[in-house]
Each structure stands twice: as C-alpha cells, then as structure tokens.
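This is work-v2.csv (CSV, C-alpha atoms and all ligand atoms).
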chain,number,residue,atom,x,y,z
A,30,MET,CA,45.2,67.7,69.0
A,31,LYS,CA,44.6,64.7,71.3
A,32,ASN,CA,43.0,61.6,69.8
A,33,ARG,CA,39.3,61.6,70.4
A,34,VAL,CA,36.4,59.4,69.2
A,35,PHE,CA,32.9,60.9,68.9
A,36,VAL,CA,30.5,58.1,69.7
A,37,ILE,CA,27.0,58.6,68.2
A,38,THR,CA,24.3,56.6,70.0
A,39,GLY,CA,20.5,56.4,70.2
A,40,ALA,CA,17.6,54.4,68.9
A,41,ALA,CA,17.2,53.2,65.3
A,42,GLY,CA,16.1,56.0,63.1
A,43,SER,CA,17.2,58.7,65.6
A,44,GLY,CA,19.8,60.1,63.1
A,45,LYS,CA,23.1,58.5,64.2
A,46,THR,CA,24.3,57.8,60.7
A,47,THR,CA,23.3,61.3,59.6
A,48,VAL,CA,25.3,62.9,62.4
A,49,ARG,CA,28.3,60.7,61.8
A,50,ASP,CA,28.3,61.7,58.1
A,51,TYR,CA,28.0,65.4,59.1
A,52,LEU,CA,31.0,65.0,61.4
A,53,HIS,CA,32.9,63.4,58.5
A,54,ASP,CA,31.9,66.0,55.9
A,55,GLN,CA,32.1,69.1,58.1
A,56,TYR,CA,35.1,68.2,60.3
A,57,GLN,CA,36.9,65.6,58.3
A,58,MET,CA,36.5,63.1,61.1
A,59,ALA,CA,37.5,59.6,60.1
A,60,ARG,CA,34.7,57.0,60.3
A,61,VAL,CA,35.3,53.8,62.3
A,62,ILE,CA,33.7,51.0,60.2
A,63,THR,CA,32.2,48.3,62.4
A,64,HIS,CA,31.4,44.7,61.7
A,65,THR,CA,28.0,43.0,61.5
A,66,THR,CA,26.3,39.8,60.6
A,67,ARG,CA,23.2,41.8,59.5
A,68,PRO,CA,22.6,41.4,55.8
A,69,PRO,CA,23.4,44.6,53.8
A,70,ARG,CA,20.5,47.0,52.9
A,71,GLU,CA,20.1,47.8,49.2
A,72,ASN,CA,22.3,50.9,49.2
A,73,GLU,CA,25.0,49.6,51.6
A,74,ARG,CA,28.5,48.6,50.6
A,75,ASP,CA,30.9,46.2,52.3
A,76,GLY,CA,33.9,48.1,53.8
A,77,VAL,CA,32.1,51.4,53.5
A,78,ASP,CA,28.9,51.1,55.7
A,79,TYR,CA,30.0,48.0,57.5
A,80,TYR,CA,32.3,45.0,57.2
A,81,PHE,CA,29.6,42.4,56.4
A,82,GLU,CA,30.4,39.1,58.1
A,83,ASP,CA,28.9,35.7,58.6
A,84,ASP,CA,28.5,33.9,61.9
A,85,GLN,CA,32.0,32.4,61.6
A,86,SER,CA,34.1,35.3,60.1
A,87,PHE,CA,32.6,37.7,62.7
A,88,PHE,CA,34.5,36.0,65.5
A,89,ASP,CA,37.8,36.3,63.7
A,90,ASN,CA,38.0,40.0,64.7
A,91,HIS,CA,39.8,41.5,67.7
A,92,PHE,CA,36.9,43.4,69.3
A,93,LEU,CA,37.1,46.3,71.7
A,94,GLU,CA,33.4,45.5,72.2
A,95,SER,CA,30.6,43.6,70.6
A,96,VAL,CA,26.9,43.1,71.1
A,97,HIS,CA,23.9,41.2,69.9
A,98,TYR,CA,21.2,43.6,68.6
A,99,ALA,CA,17.8,42.7,67.2
A,100,GLY,CA,19.0,39.2,66.2
A,101,HIS,CA,22.4,40.1,64.7
A,102,TYR,CA,26.0,40.6,66.0
A,103,TYR,CA,27.7,43.9,65.8
A,104,GLY,CA,31.3,44.7,66.9
A,105,SER,CA,34.0,47.4,66.7
A,106,SER,CA,37.6,46.4,66.5
A,107,TYR,CA,40.7,48.0,68.0
A,108,GLU,CA,42.2,48.0,64.6
A,109,GLY,CA,39.3,50.0,63.2
A,110,LEU,CA,39.8,52.7,65.8
A,111,GLU,CA,43.5,52.8,65.3
A,112,ASN,CA,43.1,53.0,61.5
A,113,ALA,CA,40.7,55.9,61.9
A,114,TRP,CA,43.1,57.7,64.3
A,115,GLU,CA,45.9,57.3,61.8
A,116,LYS,CA,43.9,59.3,59.3
A,117,SER,CA,42.7,62.0,61.7
A,118,PRO,CA,42.9,62.7,65.5
A,119,PHE,CA,39.1,63.0,65.6
A,120,ALA,CA,37.3,59.8,64.7
A,121,THR,CA,33.6,59.0,64.8
A,122,ILE,CA,31.7,55.8,65.3
A,123,VAL,CA,28.0,54.8,65.5
A,124,LEU,CA,27.2,52.4,68.4
A,125,ASP,CA,24.1,51.1,70.3
A,126,THR,CA,24.0,52.3,73.9
A,127,ALA,CA,25.6,49.2,75.3
A,128,GLY,CA,28.6,49.8,73.0
A,129,ALA,CA,28.7,53.5,74.0
A,130,ILE,CA,28.9,52.5,77.7
A,131,THR,CA,31.8,50.1,77.0
A,132,TYR,CA,33.6,52.7,74.9
A,133,LYS,CA,33.3,55.3,77.8
A,134,GLN,CA,34.5,52.7,80.3
A,135,LYS,CA,37.5,51.7,78.3
A,136,LEU,CA,38.5,54.9,76.7
A,137,GLY,CA,37.5,57.5,79.3
A,138,GLU,CA,38.0,61.1,78.2
A,139,LYS,CA,39.0,60.0,74.7
A,140,ALA,CA,35.4,59.0,74.1
A,141,ILE,CA,32.9,61.8,73.6
A,142,ILE,CA,29.4,60.3,73.7
A,143,ILE,CA,26.5,62.0,71.9
A,144,PHE,CA,23.1,60.5,72.7
A,145,LEU,CA,20.4,61.3,70.1
A,146,GLN,CA,16.8,61.4,71.1
A,147,VAL,CA,13.6,61.7,69.1
A,148,GLY,CA,10.6,61.9,71.5
A,149,ASP,CA,8.0,60.7,69.0
A,150,THR,CA,8.3,57.0,68.2
A,151,GLU,CA,5.9,57.3,65.2
A,152,GLU,CA,8.4,59.8,63.8
A,153,LEU,CA,11.2,57.3,64.2
A,154,LYS,CA,9.2,54.7,62.2
A,155,ARG,CA,8.5,57.3,59.5
A,156,ARG,CA,12.2,58.1,59.3
A,157,MET,CA,13.2,54.5,58.9
A,158,GLN,CA,10.6,54.0,56.2
A,159,GLY,CA,11.8,57.3,54.6
A,160,ARG,CA,15.3,56.0,54.3
A,161,GLY,CA,13.9,52.9,52.4
A,162,ASP,CA,13.5,50.3,55.2
A,163,ASN,CA,10.6,48.0,54.3
A,164,ALA,CA,7.7,47.6,56.7
A,165,GLU,CA,8.9,44.1,57.8
A,166,MET,CA,12.3,45.5,58.7
A,167,VAL,CA,10.8,48.4,60.6
A,168,ALA,CA,8.4,46.1,62.5
A,169,LYS,CA,11.3,43.7,63.4
A,170,ARG,CA,13.5,46.5,64.6
A,171,VAL,CA,10.8,48.3,66.7
A,172,SER,CA,9.8,45.0,68.4
A,173,SER,CA,13.3,44.3,69.6
A,174,LYS,CA,14.2,44.9,73.2
A,175,GLU,CA,17.3,46.8,72.2
A,176,TYR,CA,15.4,49.4,70.2
A,177,HIS,CA,13.2,50.1,73.3
A,178,ARG,CA,16.2,50.2,75.6
A,179,ASP,CA,17.9,52.8,73.4
A,180,LEU,CA,15.0,55.2,73.3
A,181,GLU,CA,16.2,56.7,76.7
A,182,MET,CA,19.7,57.6,77.8
A,183,PRO,CA,21.0,54.8,80.0
A,184,HIS,CA,21.8,55.7,83.6
A,185,GLU,CA,25.4,54.6,83.1
A,186,LEU,CA,25.8,57.5,80.6
A,187,GLN,CA,24.0,60.2,82.7
A,188,GLY,CA,26.4,63.0,83.3
A,189,LYS,CA,28.9,61.5,80.9
A,190,ALA,CA,27.2,62.0,77.6
A,191,TYR,CA,25.8,65.0,75.6
A,192,GLN,CA,22.0,64.6,74.9
A,193,VAL,CA,20.8,66.1,71.6
A,194,VAL,CA,17.1,66.1,70.6
A,195,ASN,CA,17.2,65.5,66.8
A,196,GLN,CA,14.0,67.1,65.7
A,197,ASP,CA,14.9,70.1,63.6
A,198,TRP,CA,18.1,69.4,61.7
A,199,GLN,CA,19.4,73.0,61.7
A,200,GLN,CA,19.2,73.0,65.5
A,201,THR,CA,20.8,69.6,65.8
A,202,ARG,CA,23.7,70.8,63.6
A,203,GLN,CA,24.2,73.9,65.8
A,204,GLN,CA,24.3,71.7,68.9
A,205,ILE,CA,26.8,69.3,67.3
A,206,ASP,CA,29.0,72.3,66.3
A,207,LYS,CA,29.0,73.6,69.8
A,208,ILE,CA,30.0,70.2,71.2
A,209,VAL,CA,32.9,69.8,68.7
A,210,GLU,CA,34.1,73.4,69.5
A,211,ASN,CA,34.8,72.2,73.1
A,212,TYR,CA,37.5,69.9,71.8
A,213,ARG,CA,39.2,71.9,69.1
A,301,LIG,N1,27.8,48.1,70.2
A,301,LIG,C1,27.9,48.2,68.9
A,301,LIG,N2,26.8,48.7,68.2
A,301,LIG,C2,26.9,48.8,66.9
A,301,LIG,C3,28.1,48.5,66.2
A,301,LIG,N3,27.8,48.8,64.8
A,301,LIG,C4,26.6,49.2,64.8
A,301,LIG,N4,26.0,49.3,66.0
A,301,LIG,C5,24.6,49.6,66.4
A,301,LIG,O1,23.8,48.6,66.1
A,301,LIG,C6,22.4,49.1,65.9
A,301,LIG,C7,21.8,48.5,64.7
A,301,LIG,O2,22.4,49.1,63.6
A,301,LIG,P1,21.8,48.9,62.1
A,301,LIG,O3,21.4,47.5,61.9
A,301,LIG,O4,22.7,49.5,61.1
A,301,LIG,O5,20.4,49.7,62.2
A,301,LIG,P2,20.0,51.3,62.3
A,301,LIG,O6,20.3,51.7,63.7
A,301,LIG,O7,18.6,51.2,62.0
A,301,LIG,O8,20.8,52.0,61.3
A,301,LIG,C8,22.5,50.6,65.9
A,301,LIG,O9,22.2,51.1,67.2
A,301,LIG,C9,24.0,50.8,65.7
A,301,LIG,O10,24.4,52.0,66.3
A,301,LIG,C10,29.2,48.0,66.9
A,301,LIG,O11,30.3,47.7,66.4
A,301,LIG,N5,29.0,47.9,68.2
A,302,LIG,N1,16.4,66.0,62.0
A,302,LIG,C1,15.9,65.2,61.1
A,302,LIG,N2,14.7,65.5,60.6
A,302,LIG,C2,14.1,64.7,59.6
A,302,LIG,N3,14.7,63.6,59.1
A,302,LIG,C3,15.9,63.2,59.7
A,302,LIG,C4,16.6,64.0,60.7
A,302,LIG,N4,17.8,63.5,61.0
A,302,LIG,C5,17.9,62.3,60.2
A,302,LIG,N5,16.8,62.2,59.4
A,302,LIG,C6,16.5,61.1,58.4
A,302,LIG,O1,16.0,60.0,59.2
A,302,LIG,C7,16.4,58.8,58.6
A,302,LIG,C8,17.0,57.9,59.7
A,302,LIG,O2,18.3,58.6,60.0
A,302,LIG,P1,19.6,57.7,60.2
A,302,LIG,O3,20.8,58.7,60.3
A,302,LIG,O4,19.7,56.6,59.2
A,302,LIG,O5,19.3,57.0,61.6
A,302,LIG,P2,20.1,55.9,62.5
A,302,LIG,O6,21.5,55.8,61.9
A,302,LIG,O7,20.1,56.4,63.9
A,302,LIG,O8,19.3,54.7,62.3
A,302,LIG,C9,17.3,59.1,57.4
A,302,LIG,O9,16.5,59.0,56.2
A,302,LIG,C10,17.7,60.6,57.7
A,302,LIG,O10,18.0,61.3,56.5

Kindly present the structure from the file in structure tokens form.
Amino acid sequence: MKNRVFVITGAAGSGKTTVRDYLHDQYQMARVITHTTRPPRENERDGVDYYFEDDQSFFDNHFLESVHYAGHYYGSSYEGLENAWEKSPFATIVLDTAGAITYKQKLGEKAIIIFLQVGDTEELKRRMQGRGDNAEMVAKRVSSKEYHRDLEMPHELQGKAYQVVNQDWQQTRQQIDKIVENYR
C-alpha cells in the first residue's frame, strides 16, 4: 500500500476529531499529532491530543505548514507525518482549511482531503457546547474569521477534496468507508 494521509478539515465543531478517531479505530490509521500554543482543554493530554507549546517552543519545530487560528498558532511537522507513516501506510491528520490546501499542494496525491460540512451554524455551537466547551470559548471561536472561512469549502480545494455533510453519523460513516475503499 502506498503512503497516504487522510486530511480532515472543516469548521470547529463539524466533527473533524470524531472522523479522525473513527479512521484510527476502524482502519488503524496512525494519527499525526500537531503542535499548538492553545491551552489544553480539560480532557486533553500533551502528546496525545496535541503537543502543547508556548510562544517560544512552538518555533523550535520543523513545520510542513503552520497557521494562526483564532488567536493561537498551530503547526504540523514533517517528523510527525513520518512517524505516523512508520506505524502505518495510512495516516490521518486534522487541519484547518489553510493547512489542508498546503498539504494538497505539497503532497499531491498522497494527501486525501475530506471537507466536513454542517449546514446549520446553531448546530455547530450546540456540538461545541455538547463536548464541554464553555460559552466563552464557543463565543471566541465563532467570532474568529477563521471559523467563518472554514464553513465553506475553499475554492482551492474544489475538485480536489471529498465533501461530506456530517449530519447523521451513520450516513457520515458510510461515506467515509466508501472514500477509504477507493485507496485500499
Ligand atoms: N493548519 C493547521 N491547522 C491545525 C493544526 N492542528 C490543528 N489545526 C486546526 O486548528 C483549528 C482549531 O483547532 P482546535 O483549537 O483544536 O479547535 P476545534 O476545531 O474546535 O477542535 C481546527 O480547524 C484544527 O483542525 C495544524 O497543525 N495545522
Ligand atoms: N454526526 C454527528 N451528530 C451529532 N454530534 C456529532 C456528530 N459528529 C460529531 N458530533 C459531536 O460534535 C462534537 C464536536 O465534534 P468534534 O469531532 O470535536 O469536532 P471538531 O474536531 O471538528 O471541532 C463532539 O461532541 C462530537 O461527539
């Protein structure tokens, strides 16, 4: 099997982490852990959910791409991707749409982009609250320009990404299964 990385992108609350975990559990895809200066949420662990960094240590990494999103830095390293590929030929990573565009540009057919969409923005807010984000965190996130940008598939990804509407989870799962089948 050729090395591939399944890039999951979309707005906050659209289900990126859920799909990434499904790909890990169902298909044993290795997760690429990315770096951020955002403080950890209550249930998050360093080295598992992210490598949590400060404004100095963040820049010590060798990034394939990095972005500023809603007031914090996020970046994915070459080493992180290589480490994942050592574990399994299929890896998965969660990125904002800017990161997904860079991944596609740099990795070409090795990067399979899945853009998740949830039409109803009130539903997105409910899902963020449902996973335990407090009202202040949700308000900050939805007022960021990056959140609004990521609600729609960017034109750079049109024709190069799979679009999945993540409303009903069983249907989402079936669509994800079909996408993965194309590469097995
Ligand atoms: N470009 C890029 N985006 C990232 C990286 N790591 C995480 N992200 C994205 O940063 C955004 C904010 O992530 P996070 O703070 O965990 O919030 P969430 O989307 O509400 O779970 C999301 O769109 C993530 O997909 C990275 O290394 N590079
Ligand atoms: N199809 C769905 N229907 C209802 N809730 C969902 C669905 N997909 C994901 N969720 C829930 O929505 C919340 C946000 O999902 P998450 O994967 O954390 O989003 P993201 O990583 O894109 O911010 C989580 O609590 C998750 O369990």

- One residue among A:Gly42, A:Gln204, A:Lys154, A:Tyr212 is nearest to A:Met30 when using all atoms listed in the file, and that residue is A:Tyr212

- Task: Pick out the residues no farther than 8 Å from ligand LIG 301 (chain A), counting all atoms listed in the file, and list them as JSON, numbers by chain.
- Result: {"A": [37, 38, 39, 40, 41, 42, 43, 45, 46, 62, 63, 64, 65, 67, 79, 94, 95, 96, 97, 98, 99, 101, 103, 104, 105, 106, 123, 124, 125, 126, 127, 128, 129, 157, 170, 176, 179]}

Just C-alpha atoms for this one: save the residues we selected as a tab-separated table (two decimals), in the frame of the given file.
chain	number	residue	atom	x	y	z
A	37	ILE	CA	27.00	58.60	68.20
A	38	THR	CA	24.30	56.60	70.00
A	39	GLY	CA	20.50	56.40	70.20
A	40	ALA	CA	17.60	54.40	68.90
A	41	ALA	CA	17.20	53.20	65.30
A	42	GLY	CA	16.10	56.00	63.10
A	43	SER	CA	17.20	58.70	65.60
A	45	LYS	CA	23.10	58.50	64.20
A	46	THR	CA	24.30	57.80	60.70
A	62	ILE	CA	33.70	51.00	60.20
A	63	THR	CA	32.20	48.30	62.40
A	64	HIS	CA	31.40	44.70	61.70
A	65	THR	CA	28.00	43.00	61.50
A	67	ARG	CA	23.20	41.80	59.50
A	79	TYR	CA	30.00	48.00	57.50
A	94	GLU	CA	33.40	45.50	72.20
A	95	SER	CA	30.60	43.60	70.60
A	96	VAL	CA	26.90	43.10	71.10
A	97	HIS	CA	23.90	41.20	69.90
A	98	TYR	CA	21.20	43.60	68.60
A	99	ALA	CA	17.80	42.70	67.20
A	101	HIS	CA	22.40	40.10	64.70
A	103	TYR	CA	27.70	43.90	65.80
A	104	GLY	CA	31.30	44.70	66.90
A	105	SER	CA	34.00	47.40	66.70
A	106	SER	CA	37.60	46.40	66.50
A	123	VAL	CA	28.00	54.80	65.50
A	124	LEU	CA	27.20	52.40	68.40
A	125	ASP	CA	24.10	51.10	70.30
A	126	THR	CA	24.00	52.30	73.90
A	127	ALA	CA	25.60	49.20	75.30
A	128	GLY	CA	28.60	49.80	73.00
A	129	ALA	CA	28.70	53.50	74.00
A	157	MET	CA	13.20	54.50	58.90
A	170	ARG	CA	13.50	46.50	64.60
A	176	TYR	CA	15.40	49.40	70.20
A	179	ASP	CA	17.90	52.80	73.40

- For each of A:Val147, A:Leu136, A:Leu93, A:Ile205, take the minimum atom-to-atom distance to ligand LIG 302 (chain A), counting only C-alpha atoms and all ligand atoms, then give the residue where this is smallest.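 Ranking A:Val147, A:Leu136, A:Leu93, A:Ile205 by distance to ligand LIG 302 (chain A), first place goes to A:Val147.
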
- Message: For a quick check of understanding, using all atoms listed in the file, which of A:Asn112, A:Arg160, A:Gly100, A:Asp50 has the smallest distance to A:Glu175?
- Response: A:Gly100

All residues 8 Å or closer to A:Gln146, all atoms listed in the file, same chain fewer than 2 positions away omitted, as a JSON list (two decimals) with C-alpha atoms, in the frame of the given file:
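Output file selection_5.json follows:
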[["chain", "number", "residue", "atom", "x", "y", "z"],
["A", 39, "GLY", "CA", 20.50, 56.40, 70.20],
["A", 40, "ALA", "CA", 17.60, 54.40, 68.90],
["A", 43, "SER", "CA", 17.20, 58.70, 65.60],
["A", 144, "PHE", "CA", 23.10, 60.50, 72.70],
["A", 148, "GLY", "CA", 10.60, 61.90, 71.50],
["A", 180, "LEU", "CA", 15.00, 55.20, 73.30],
["A", 181, "GLU", "CA", 16.20, 56.70, 76.70],
["A", 192, "GLN", "CA", 22.00, 64.60, 74.90],
["A", 193, "VAL", "CA", 20.80, 66.10, 71.60],
["A", 194, "VAL", "CA", 17.10, 66.10, 70.60],
["A", 195, "ASN", "CA", 17.20, 65.50, 66.80]]

- Given all atoms listed in the file as the counted atoms, nearest of A:Gln196, A:Leu186, A:Tyr107, A:Glu82 to A:Asp149: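 The shortest atom-to-atom distance to A:Asp149 comes from A:Gln196.
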
- Task: Could you give me, as an MDAnalysis selection string, the residues within 9 Å of A:Lys189, counting all atoms listed in the file and dropping anything in the same chain fewer than 5 positions from it?
- Result: chainID A and resid 133 141:142

- Item | Which of A:Glu165, A:Asp84, A:Glu115, A:Glu108 sits closest to A:Thr66 [using all atoms listed in the file] |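 Nearest to A:Thr66: A:Asp84.
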
Stretch 128-146 of chain A: axis-aligned bounding box, 6 Å on each side, centre and edge lengths in Å, one decimal, as AutoDock Vina command-line options:
--center_x 27.9 --center_y 55.9 --center_z 75.2 --size_x 34.2 --size_y 24.2 --size_z 22.2
